[in-house]
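Input: a single structure, listed below in structure tokens.
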Amino acid sequence: MSNTNIATLLSGRGSNFRAINEAIKHGGIKDASIAVVISDKPNAEGLLYARNNKIEVFTLNPELYDTREDYDEEILRIVQQFNIGLICLAGYMKIVSKVLLNAYSGKIMNVHPSLLPAFPGLHAQKQALNYGVRISGCTVHFVDSGLDAGPIILQGTVPVFSDDNEHTLSERILKEEHLIYPKAVGLYTKGLLSIQGRTVKILQEHSKE
């Protein structure tokens, strides 16, 4: 199987990006490499890890582009240089426009800190606590034009305790994100994910030629 080149888009510490790259380095994800990291924040913590791991880094200032589409056109130009087969959003705080969605339909992943479709958008952990749920978690999904609305790949659950606050719940969920996001990427690079309408089918490895 050919190697899948991955592009990661991040805005902050990029802990899920690190989790994916560590899984690649240690064999948890096979036939893949992170070829490029792109950030809208020049001081994003995740960029230091990328540079230390000799991954190409690009920073783009959104204020220099007239529209969101113009900004994504520049991202598209970059990822096409690296023959990218999958784009992973890792704490990327910008909405992806149709420029990227059309070019990489079914090839953009994100992780969200709730059990979608519950609590999309910002502050999902706070939303969960305010609603009084007993179980929360995270969702890896393909990205579409909706807000955290794309087809679900994997979900992980965590308990919600009576003394939880937004920080403690977020940390517990993040640990689960670091498990299921690399797993989802690994399924993708093996060719074991099939999008059928709103459903992502996970194929048996022996059935995939």
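Residues in the structure tokens are named by chain (A, B, ... in the order shown) and by number from 1 within that chain; ligands are numbered from 1 in the order shown.
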
- Using backbone DSSP assignments, extract all alpha helix (DSSP H) residues from region 6-206 of chain A; output them as number ranges by chain. A: 15-25, 45-52, 68-81, 98-103, 124-131, 166-189

Pick out the residues sitting within 7 Å of Glu45 (chain A), and hand them over as a PDB file with N, CA and C atoms, in the first residue's frame; count only C-alpha atoms, and ignore anything fewer than 2 positions along from it in its own chain.
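As a result, result_15.pdb now contains:
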ATOM      1  N   GLY A  12      -3.084  25.931  17.969  1.00  0.00           N
ATOM      2  CA  GLY A  12      -2.565  26.019  19.330  1.00  0.00           C
ATOM      3  C   GLY A  12      -1.511  24.976  19.618  1.00  0.00           C
ATOM      4  N   ARG A  13      -1.685  24.277  20.740  1.00  0.00           N
ATOM      5  CA  ARG A  13      -0.655  23.332  21.188  1.00  0.00           C
ATOM      6  C   ARG A  13      -0.564  22.098  20.309  1.00  0.00           C
ATOM      7  N   GLY A  14      -1.637  21.774  19.603  1.00  0.00           N
ATOM      8  CA  GLY A  14      -1.575  20.659  18.661  1.00  0.00           C
ATOM      9  C   GLY A  14      -1.324  19.321  19.315  1.00  0.00           C
ATOM     10  N   ASN A  43       2.770  31.695  16.507  1.00  0.00           N
ATOM     11  CA  ASN A  43       3.355  31.274  17.773  1.00  0.00           C
ATOM     12  C   ASN A  43       2.677  30.028  18.352  1.00  0.00           C
ATOM     13  N   LEU A  47       3.811  24.134  16.517  1.00  0.00           N
ATOM     14  CA  LEU A  47       4.817  24.344  15.477  1.00  0.00           C
ATOM     15  C   LEU A  47       6.211  23.977  15.957  1.00  0.00           C
ATOM     16  N   LEU A  48       6.480  24.195  17.240  1.00  0.00           N
ATOM     17  CA  LEU A  48       7.798  23.844  17.784  1.00  0.00           C
ATOM     18  C   LEU A  48       8.018  22.339  17.696  1.00  0.00           C
TER      19      LEU A  48
END

- Distance query Asp70 (chain A) at most 9 Å, only C-alpha atoms, self and fewer than 5 positions along chain excluded, as JSON, numbers by chain: {"A": [65, 75, 99]}

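Across the structure, CA of Ile135 (chain A) and CA of Arg18 (chain A) are spaced 26.2 Å apart.
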
- Query: Got a sec: who's within 8 Å of Val158 (chain A), counting only C-alpha atoms, leaving out chain neighbours fewer than 4 positions off, as a list in words?
  - Reply: Ile135, Ser136, Gly137, Arg172, Ile173 and Glu176 of chain A

Would you tabulate, counting only C-alpha atoms, all residues of region 34-147 of chain A that have an atom at most 8 Å from an atom of region 162-170 of chain A, showing the closest pair of atoms and their distance in Å to one decimal, sorted by chain then ascending number, as a tab-separated table?
residue	atom	partner	partner_atom	distance
A:Pro113	CA	A:Ser170	CA	7.6
A:Gln125	CA	A:Glu166	CA	5.8
A:Lys126	CA	A:Glu166	CA	5.5
A:Leu129	CA	A:Glu166	CA	7.4

- Message: Neighbouring residues of Tyr181 (chain A) were defined as those with any atom within 12 Å, considering only C-alpha atoms; residues of the same chain fewer than 5 positions away were excluded. Please report them as a PyMOL selection string.
- Response: chain A and resi 15-23+28-29+88-90+109-113+138-142+152-156+173-176+186-188

- Query: Residues at most 8 Å from region 31-40 of chain A, counting only C-alpha atoms, excluding those fewer than 6 positions away in the same chain, as a ChimeraX atom specification?
  - Reply: /A:1-11,21,24,47,50,55-62,75,79,82,84,92,189-190

Output N, CA and C atoms for every residue in that selection, as an mmCIF file, in the first residue's frame.
data_model
loop_
_atom_site.group_PDB
_atom_site.id
_atom_site.type_symbol
_atom_site.label_atom_id
_atom_site.label_comp_id
_atom_site.auth_asym_id
_atom_site.auth_seq_id
_atom_site.Cartn_x
_atom_site.Cartn_y
_atom_site.Cartn_z
ATOM 1 N N MET A 1 0.840 -1.190 0.000
ATOM 2 C CA MET A 1 0.000 0.000 0.000
ATOM 3 C C MET A 1 0.880 1.247 0.000
ATOM 4 N N SER A 2 0.506 2.245 -0.776
ATOM 5 C CA SER A 2 1.310 3.453 -0.866
ATOM 6 C C SER A 2 1.190 4.281 0.404
ATOM 7 N N ASN A 3 2.188 5.111 0.628
ATOM 8 C CA ASN A 3 2.222 5.949 1.816
ATOM 9 C C ASN A 3 1.223 7.106 1.687
ATOM 10 N N THR A 4 0.498 7.381 2.765
ATOM 11 C CA THR A 4 -0.431 8.502 2.803
ATOM 12 C C THR A 4 0.255 9.718 3.420
ATOM 13 N N ASN A 5 0.379 10.786 2.650
ATOM 14 C CA ASN A 5 0.919 12.033 3.177
ATOM 15 C C ASN A 5 -0.204 12.815 3.858
ATOM 16 N N ILE A 6 0.046 13.240 5.083
ATOM 17 C CA ILE A 6 -0.955 13.931 5.898
ATOM 18 C C ILE A 6 -0.551 15.386 6.089
ATOM 19 N N ALA A 7 -1.524 16.279 5.973
ATOM 20 C CA ALA A 7 -1.339 17.680 6.351
ATOM 21 C C ALA A 7 -2.129 17.927 7.624
ATOM 22 N N THR A 8 -1.528 18.637 8.555
ATOM 23 C CA THR A 8 -2.211 18.983 9.800
ATOM 24 C C THR A 8 -2.404 20.486 9.872
ATOM 25 N N LEU A 9 -3.618 20.903 10.202
ATOM 26 C CA LEU A 9 -3.935 22.315 10.422
ATOM 27 C C LEU A 9 -4.174 22.511 11.910
ATOM 28 N N LEU A 10 -3.459 23.469 12.509
ATOM 29 C CA LEU A 10 -3.600 23.700 13.947
ATOM 30 C C LEU A 10 -3.498 25.177 14.273
ATOM 31 N N SER A 11 -4.023 25.510 15.454
ATOM 32 C CA SER A 11 -3.985 26.902 15.920
ATOM 33 C C SER A 11 -3.330 27.048 17.279
ATOM 34 N N ASN A 21 1.325 11.910 15.244
ATOM 35 C CA ASN A 21 2.700 11.722 14.781
ATOM 36 C C ASN A 21 3.443 10.690 15.616
ATOM 37 N N ILE A 24 2.468 7.341 14.428
ATOM 38 C CA ILE A 24 3.176 7.010 13.185
ATOM 39 C C ILE A 24 4.602 6.551 13.501
ATOM 40 N N LEU A 47 3.811 24.134 16.517
ATOM 41 C CA LEU A 47 4.817 24.344 15.477
ATOM 42 C C LEU A 47 6.211 23.977 15.957
ATOM 43 N N ALA A 50 6.600 20.349 15.590
ATOM 44 C CA ALA A 50 6.749 20.021 14.170
ATOM 45 C C ALA A 50 8.177 20.272 13.707
ATOM 46 N N ILE A 55 9.336 18.400 10.385
ATOM 47 C CA ILE A 55 8.146 18.459 9.542
ATOM 48 C C ILE A 55 8.032 19.872 8.985
ATOM 49 N N GLU A 56 7.752 19.982 7.707
ATOM 50 C CA GLU A 56 7.609 21.295 7.070
ATOM 51 C C GLU A 56 6.492 22.096 7.748
ATOM 52 N N VAL A 57 6.752 23.383 7.960
ATOM 53 C CA VAL A 57 5.812 24.260 8.658
ATOM 54 C C VAL A 57 5.514 25.491 7.812
ATOM 55 N N PHE A 58 4.236 25.847 7.744
ATOM 56 C CA PHE A 58 3.814 27.086 7.102
ATOM 57 C C PHE A 58 2.879 27.824 8.046
ATOM 58 N N THR A 59 3.069 29.136 8.170
ATOM 59 C CA THR A 59 2.123 29.960 8.925
ATOM 60 C C THR A 59 1.520 30.990 7.976
ATOM 61 N N LEU A 60 0.199 31.112 8.044
ATOM 62 C CA LEU A 60 -0.528 32.023 7.174
ATOM 63 C C LEU A 60 -1.365 32.969 8.019
ATOM 64 N N ASN A 61 -1.200 34.257 7.780
ATOM 65 C CA ASN A 61 -1.953 35.263 8.521
ATOM 66 C C ASN A 61 -3.288 35.502 7.820
ATOM 67 N N PRO A 62 -4.409 35.126 8.433
ATOM 68 C CA PRO A 62 -5.709 35.303 7.784
ATOM 69 C C PRO A 62 -6.025 36.751 7.428
ATOM 70 N N ILE A 75 -3.928 27.619 1.321
ATOM 71 C CA ILE A 75 -3.725 26.315 1.962
ATOM 72 C C ILE A 75 -3.755 25.204 0.924
ATOM 73 N N VAL A 79 -0.906 22.303 0.229
ATOM 74 C CA VAL A 79 -1.096 20.862 0.410
ATOM 75 C C VAL A 79 -0.921 20.109 -0.913
ATOM 76 N N PHE A 82 2.517 18.851 -1.618
ATOM 77 C CA PHE A 82 2.990 17.714 -0.836
ATOM 78 C C PHE A 82 2.209 16.435 -1.135
ATOM 79 N N ILE A 84 -0.897 15.562 -0.716
ATOM 80 C CA ILE A 84 -1.577 15.196 0.515
ATOM 81 C C ILE A 84 -2.790 14.316 0.235
ATOM 82 N N TYR A 92 -7.760 23.385 15.281
ATOM 83 C CA TYR A 92 -7.728 24.433 14.258
ATOM 84 C C TYR A 92 -8.970 25.287 14.425
ATOM 85 N N THR A 189 -5.733 5.260 6.626
ATOM 86 C CA THR A 189 -4.535 4.975 5.823
ATOM 87 C C THR A 189 -4.498 3.525 5.352
ATOM 88 N N LYS A 190 -5.218 2.640 6.051
ATOM 89 C CA LYS A 190 -5.341 1.247 5.606
ATOM 90 C C LYS A 190 -6.450 1.075 4.565
#

- Which one is closest to Val96 (chain A): A:Leu122, A:Asp66, A:Gly146, A:Ala128? Count only C-alpha atoms.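 Closest candidate: A:Gly146.
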
- Query: What are the DSSP strand (DSSP E or B) residues of region 73-197 of chain A, as a ChimeraX atom specification?
  - Reply: /A:84-90,108-112,135-142,152-159,193-196

Just-selected residues, C-alpha atoms written as a PDB file, in the first residue's frame:
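As written to disk, selection34.pdb reads:
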ATOM      1  CA  ILE A  84      -1.577  15.196   0.515  1.00  0.00           C
ATOM      2  CA  GLY A  85      -4.045  12.340   0.903  1.00  0.00           C
ATOM      3  CA  LEU A  86      -5.572  13.354   4.249  1.00  0.00           C
ATOM      4  CA  ILE A  87      -6.004  16.633   6.121  1.00  0.00           C
ATOM      5  CA  CYS A  88      -6.268  16.430   9.914  1.00  0.00           C
ATOM      6  CA  LEU A  89      -7.610  19.379  11.875  1.00  0.00           C
ATOM      7  CA  ALA A  90      -6.012  19.487  15.331  1.00  0.00           C
ATOM      8  CA  ILE A 108     -10.600  15.982   6.025  1.00  0.00           C
ATOM      9  CA  MET A 109     -10.881  14.788   9.623  1.00  0.00           C
ATOM     10  CA  ASN A 110     -11.550  16.598  12.864  1.00  0.00           C
ATOM     11  CA  VAL A 111     -11.981  15.642  16.497  1.00  0.00           C
ATOM     12  CA  HIS A 112     -14.618  17.332  18.675  1.00  0.00           C
ATOM     13  CA  ILE A 135     -21.452  10.538  30.134  1.00  0.00           C
ATOM     14  CA  SER A 136     -19.494  12.708  27.731  1.00  0.00           C
ATOM     15  CA  GLY A 137     -16.656  12.042  25.337  1.00  0.00           C
ATOM     16  CA  CYS A 138     -15.264  12.889  21.926  1.00  0.00           C
ATOM     17  CA  THR A 139     -15.944  12.257  18.265  1.00  0.00           C
ATOM     18  CA  VAL A 140     -13.656  11.893  15.261  1.00  0.00           C
ATOM     19  CA  HIS A 141     -15.586  12.796  12.135  1.00  0.00           C
ATOM     20  CA  PHE A 142     -15.138  13.711   8.528  1.00  0.00           C
ATOM     21  CA  ILE A 152     -18.888  10.079  12.450  1.00  0.00           C
ATOM     22  CA  ILE A 153     -15.866   7.764  12.331  1.00  0.00           C
ATOM     23  CA  LEU A 154     -15.156   6.893  15.974  1.00  0.00           C
ATOM     24  CA  GLN A 155     -16.375   8.000  19.398  1.00  0.00           C
ATOM     25  CA  GLY A 156     -14.910   7.610  22.853  1.00  0.00           C
ATOM     26  CA  THR A 157     -16.746   8.008  26.150  1.00  0.00           C
ATOM     27  CA  VAL A 158     -15.750   9.280  29.582  1.00  0.00           C
ATOM     28  CA  PRO A 159     -17.773   9.542  32.790  1.00  0.00           C
ATOM     29  CA  LEU A 193     -13.222   3.600   5.967  1.00  0.00           C
ATOM     30  CA  SER A 194     -16.130   3.881   3.558  1.00  0.00           C
ATOM     31  CA  ILE A 195     -18.513   6.858   3.669  1.00  0.00           C
ATOM     32  CA  GLN A 196     -22.053   5.780   2.831  1.00  0.00           C
TER      33      GLN A 196
END

- Item | Atom pair CA of Leu100 (chain A) / CA of Glu177 (chain A): separation (Å) |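 Value for the CA of Leu100 (chain A)-CA of Glu177 (chain A) distance: 23.8 Å.
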
- At what distance in Å, to one decimal, does CA of Ala149 (chain A) lie from CA of Arg198 (chain A)? 9.5 Å
